[in-house]
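File shown: my_file-v9.txt. Contents: compact mmCIF, C-alpha atoms and all ligand atoms.
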# COMPACT_ATOMS: atom_id res chain seq x y z
CA MET A 1 -3.55 3.48 -0.11
CA PRO A 2 -5.47 5.22 2.68
CA ALA A 3 -3.71 8.37 3.90
CA ASP A 4 -3.67 7.15 7.49
CA LEU A 5 -1.32 4.31 6.50
CA ALA A 6 1.33 6.86 5.53
CA ILE A 7 4.54 6.92 7.50
CA ILE A 8 5.59 10.21 9.05
CA SER A 9 8.98 11.02 7.58
CA PRO A 10 11.51 13.09 9.56
CA ARG A 11 12.68 16.11 7.53
CA SER A 12 16.39 16.13 8.35
CA ALA A 13 19.09 13.89 9.73
CA ALA A 14 18.96 15.83 13.00
CA GLU A 15 15.24 15.36 13.25
CA ARG A 16 15.68 11.74 12.28
CA SER A 17 18.13 11.20 15.08
CA LEU A 18 15.81 13.04 17.46
CA ALA A 19 12.96 10.88 16.27
CA ALA A 20 15.00 7.68 16.53
CA GLY A 21 13.37 6.65 19.75
CA MET A 22 9.92 7.74 18.70
CA ARG A 23 7.24 5.96 16.73
CA HIS A 24 7.81 6.37 13.00
CA VAL A 25 4.52 5.00 11.76
CA HIS A 26 1.53 7.22 12.34
CA PRO A 27 0.06 6.00 15.65
CA ALA A 28 -3.42 5.92 14.12
CA ALA A 29 -2.17 3.47 11.47
CA LEU A 30 -0.57 1.03 13.93
CA PRO A 31 -3.66 -1.17 14.38
CA GLN A 32 -3.99 -1.49 10.61
CA TRP A 33 -0.36 -2.50 10.14
CA ARG A 34 -0.70 -4.94 13.02
CA ALA A 35 -3.86 -6.41 11.49
CA LEU A 36 -2.10 -6.77 8.12
CA LEU A 37 0.90 -8.49 9.74
CA GLU A 38 -1.37 -10.79 11.72
CA PHE A 39 -3.32 -11.65 8.57
CA HIS A 40 -0.08 -12.61 6.78
CA TRP A 41 1.10 -14.49 9.87
CA GLN A 42 -2.12 -16.55 10.01
CA GLU A 43 -1.91 -17.29 6.29
CA ARG A 44 1.73 -18.49 6.58
CA LEU A 45 0.94 -20.52 9.69
CA GLU A 46 -1.84 -22.34 7.83
CA ARG A 47 0.62 -23.09 5.01
CA VAL A 48 3.24 -24.39 7.47
CA THR A 49 0.59 -26.65 9.01
CA GLU A 50 -0.61 -27.86 5.61
CA PHE A 51 2.97 -28.55 4.44
CA SER A 52 3.83 -30.32 7.70
CA LEU A 53 0.92 -32.72 7.23
CA ALA A 54 1.86 -33.27 3.57
CA TYR A 55 5.45 -33.93 4.66
CA CYS A 56 4.29 -36.62 7.12
CA ASP A 57 2.19 -38.26 4.37
CA ALA A 58 5.15 -38.24 1.97
CA GLU A 59 7.48 -39.66 4.64
CA GLU A 60 4.99 -42.45 5.36
CA ALA A 61 4.72 -43.20 1.64
CA ALA A 62 8.52 -43.23 1.38
CA ALA A 63 8.70 -45.78 4.19
CA ASP A 64 5.83 -47.96 2.91
CA ALA A 65 7.45 -51.32 2.19
CA SER A 66 4.35 -52.50 0.29
CA SER A 67 4.91 -49.98 -2.51
CA GLY A 68 7.55 -50.27 -5.20
CA ARG A 69 11.03 -48.79 -5.03
CA GLY A 70 10.17 -46.16 -7.67
CA ALA A 71 7.15 -44.96 -5.68
CA ARG A 72 9.21 -44.79 -2.48
CA VAL A 73 11.98 -42.79 -4.19
CA ALA A 74 9.36 -40.39 -5.64
CA ALA A 75 7.77 -40.01 -2.19
CA ARG A 76 11.19 -39.27 -0.65
CA ARG A 77 11.82 -36.58 -3.28
CA ARG A 78 8.36 -35.14 -2.63
CA ALA A 79 9.07 -35.10 1.13
CA ALA A 80 12.37 -33.26 0.57
CA GLU A 81 10.64 -30.63 -1.60
CA ILE A 82 7.82 -30.16 0.91
CA LEU A 83 10.37 -29.80 3.73
CA ARG A 84 12.24 -27.14 1.74
CA ARG A 85 9.01 -25.19 1.23
CA THR A 86 8.03 -25.62 4.88
CA VAL A 87 11.35 -24.16 6.04
CA ALA A 88 10.92 -21.21 3.64
CA GLU A 89 7.41 -20.54 4.99
CA ARG A 90 8.65 -20.82 8.57
CA ARG A 91 11.36 -18.23 7.81
CA VAL A 92 8.73 -15.79 6.54
CA LEU A 93 6.68 -16.52 9.66
CA ALA A 94 9.73 -15.56 11.78
CA ASP A 95 10.18 -12.37 9.69
CA ILE A 96 6.55 -11.45 10.34
CA GLU A 97 7.00 -12.09 14.07
CA ALA A 98 10.09 -9.83 14.01
CA ALA A 99 8.04 -7.12 12.26
CA LEU A 100 5.36 -7.39 14.95
CA SER A 101 8.11 -6.92 17.56
CA ARG A 102 9.45 -3.86 15.70
CA LEU A 103 5.92 -2.51 15.57
CA ALA A 104 5.59 -2.97 19.34
CA ILE A 105 8.77 -0.96 20.04
CA GLY A 106 8.21 1.76 17.42
CA ARG A 107 10.82 0.55 14.90
CA PHE A 108 8.37 -0.64 12.27
CA GLY A 109 8.67 1.01 8.85
CA TRP A 110 12.36 1.98 9.07
CA CYS A 111 15.09 0.30 7.05
CA GLU A 112 17.46 -1.63 9.34
CA GLN A 113 20.33 -1.03 6.90
CA CYS A 114 20.25 2.70 6.03
CA GLY A 115 17.76 3.97 8.61
CA ARG A 116 15.51 5.57 6.01
CA VAL A 117 11.76 5.16 5.73
CA ILE A 118 10.54 2.05 3.91
CA ALA A 119 7.97 3.06 1.29
CA THR A 120 4.43 2.27 2.37
CA THR A 121 3.76 0.73 -1.05
CA ARG A 122 6.56 -1.76 -0.27
CA LEU A 123 5.26 -2.35 3.26
CA ALA A 124 1.72 -2.88 2.02
CA GLY A 125 2.86 -5.77 -0.17
CA MET A 126 5.46 -7.10 2.27
CA PRO A 127 4.77 -5.66 5.74
CA GLN A 128 7.55 -7.80 7.21
CA ALA A 129 10.18 -5.98 5.10
CA ARG A 130 13.31 -5.12 7.11
CA TYR A 131 14.96 -3.09 4.37
CA CYS A 132 14.02 -0.39 1.90
CA ALA A 133 13.98 -1.34 -1.79
CA ASP A 134 17.48 0.15 -2.34
CA CYS A 135 19.11 -1.82 0.49
CA ASP A 136 17.30 -5.04 -0.45
CA ARG A 137 18.92 -5.05 -3.94
ZN ZN B 201 17.71 1.05 3.30

Mind turning this structure into structure tokens?
Amino acid sequence: MPADLAIISPRSAAERSLAAGMRHVHPAALPQWRALLEFHWQERLERVTEFSLAYCDAEEAAADASSGRGARVAARRRAAEILRRTVAERRVLADIEAALSRLAIGRFGWCEQCGRVIATTRLAGMPQARYCADCDR
């Protein structure tokens, strides 16, 4: 990981509390984190769109009176599964939007549970993470 993606960690609780209102991610790294979040956001949005279209197709197939009952039942099951996946993708999309908001107000990169720094290795794989690995268990 490039050094400029590293999060500046406060050294003590006092410093942490002093730093609470400050930016925790190195200011120079902000555009890169934003770009990563926006990349993930775009990717998830494309999936939501793709799933939404697939859901409509499955719903139409489920309602198609010209096909057999078995085919309609299968299409209804497919629609339910696609809907479940669409909702899951939409939730991640909302998490990414929340991370972009945290980034805008200088709260990105801090665990919302314990207040400690979230490891950059964790953020690199899941930049929308709200919690550190310990709190997410
Ligand atoms: Zn934590």

Report task. Go ahead and compute the interatomic distance for atom CA of A:Ala75 and atom CA of A:Cys56, in Å to one decimal. Result -> 10.5 Å

May I have the residues within 12 Å of A:Asp57 as a PDB file with C-alpha atoms, keeping the file's coordinate frame, using all atoms listed in the file and disregarding those fewer than 4 positions away in the same chain?
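Generated output (part.pdb):
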ATOM      1  CA  GLU A  50      -0.610 -27.860   5.610  1.00  0.00           C
ATOM      2  CA  PHE A  51       2.970 -28.550   4.440  1.00  0.00           C
ATOM      3  CA  SER A  52       3.830 -30.320   7.700  1.00  0.00           C
ATOM      4  CA  LEU A  53       0.920 -32.720   7.230  1.00  0.00           C
ATOM      5  CA  ALA A  61       4.720 -43.200   1.640  1.00  0.00           C
ATOM      6  CA  ALA A  62       8.520 -43.230   1.380  1.00  0.00           C
ATOM      7  CA  ALA A  63       8.700 -45.780   4.190  1.00  0.00           C
ATOM      8  CA  ASP A  64       5.830 -47.960   2.910  1.00  0.00           C
ATOM      9  CA  ARG A  72       9.210 -44.790  -2.480  1.00  0.00           C
ATOM     10  CA  ALA A  75       7.770 -40.010  -2.190  1.00  0.00           C
ATOM     11  CA  ARG A  76      11.190 -39.270  -0.650  1.00  0.00           C
ATOM     12  CA  ARG A  78       8.360 -35.140  -2.630  1.00  0.00           C
ATOM     13  CA  ALA A  79       9.070 -35.100   1.130  1.00  0.00           C
ATOM     14  CA  ALA A  80      12.370 -33.260   0.570  1.00  0.00           C
ATOM     15  CA  ILE A  82       7.820 -30.160   0.910  1.00  0.00           C
ATOM     16  CA  LEU A  83      10.370 -29.800   3.730  1.00  0.00           C
TER      17      LEU A  83
END

**Report entry** Option closest in space to A:Val48, from A:Thr86, A:Leu93, A:Trp33, A:Ala98 [counting all atoms listed in the file]
**Finding:**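 Ranked by minimum distance to A:Val48, first place goes to A:Thr86.
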
Requested in this report: Would you mind reading off the distance between atom CA of A:Arg47 and atom CA of A:Phe108, one decimal, in Å?
Outcome: 24.8 Å

Using only C-alpha atoms and all ligand atoms, which residues of chain A come within 10 Å of ligand ZN 201 (chain B), and what is the closest atom pair for each, with the distance in Å to one decimal? Give it as a Markdown table, sorted by chain and residue number.
| residue | atom | partner | partner_atom | distance |
| --- | --- | --- | --- | --- |
| A:Trp110 | CA | B:ZN201 | ZN | 7.9 |
| A:Cys111 | CA | B:ZN201 | ZN | 4.6 |
| A:Glu112 | CA | B:ZN201 | ZN | 6.6 |
| A:Gln113 | CA | B:ZN201 | ZN | 4.9 |
| A:Cys114 | CA | B:ZN201 | ZN | 4.1 |
| A:Gly115 | CA | B:ZN201 | ZN | 6.1 |
| A:Arg116 | CA | B:ZN201 | ZN | 5.7 |
| A:Val117 | CA | B:ZN201 | ZN | 7.6 |
| A:Ile118 | CA | B:ZN201 | ZN | 7.3 |
| A:Arg130 | CA | B:ZN201 | ZN | 8.5 |
| A:Tyr131 | CA | B:ZN201 | ZN | 5.1 |
| A:Cys132 | CA | B:ZN201 | ZN | 4.2 |
| A:Ala133 | CA | B:ZN201 | ZN | 6.7 |
| A:Asp134 | CA | B:ZN201 | ZN | 5.7 |
| A:Cys135 | CA | B:ZN201 | ZN | 4.3 |
| A:Asp136 | CA | B:ZN201 | ZN | 7.2 |
| A:Arg137 | CA | B:ZN201 | ZN | 9.5 |

Requested in this report: Find the residues near A:Ala104: any atom within 10 Å, counting all atoms listed in the file, skip ones fewer than 4 places away on the same chain, and give them as JSON, numbers by chain.
Outcome: {"A": [23, 30, 34, 98, 99, 100, 108]}

Query raised in the report: What does the distance between atom CA of A:Thr120 and atom CA of A:Ala88 come to in Å, to one decimal place?
Result: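 If I compute the distance from atom CA of A:Thr120 to atom CA of A:Ala88, I get 24.4 Å.
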
Query raised in the report: Which residue gives the smallest distance to A:Ala71 among A:Ala94, A:Met126, A:Ala58, A:Leu37, with only C-alpha atoms counted?
Result: A:Ala58

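Among A:Thr121, A:His26, A:Ala129, A:Phe39, the residue with the shortest atom-to-atom distance to A:Gly106, counting all atoms listed in the file, is A:His26.
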
Padding 3 Å on each side, edges along x, y and z: where is the centre of the box around the listed atoms of stretch 55-71 of chain A, and how long are its edges in Å to one decimal? Output it as AutoDock Vina command-line options.
--center_x 6.6 --center_y -43.2 --center_z -0.3 --size_x 14.8 --size_y 24.6 --size_z 20.8
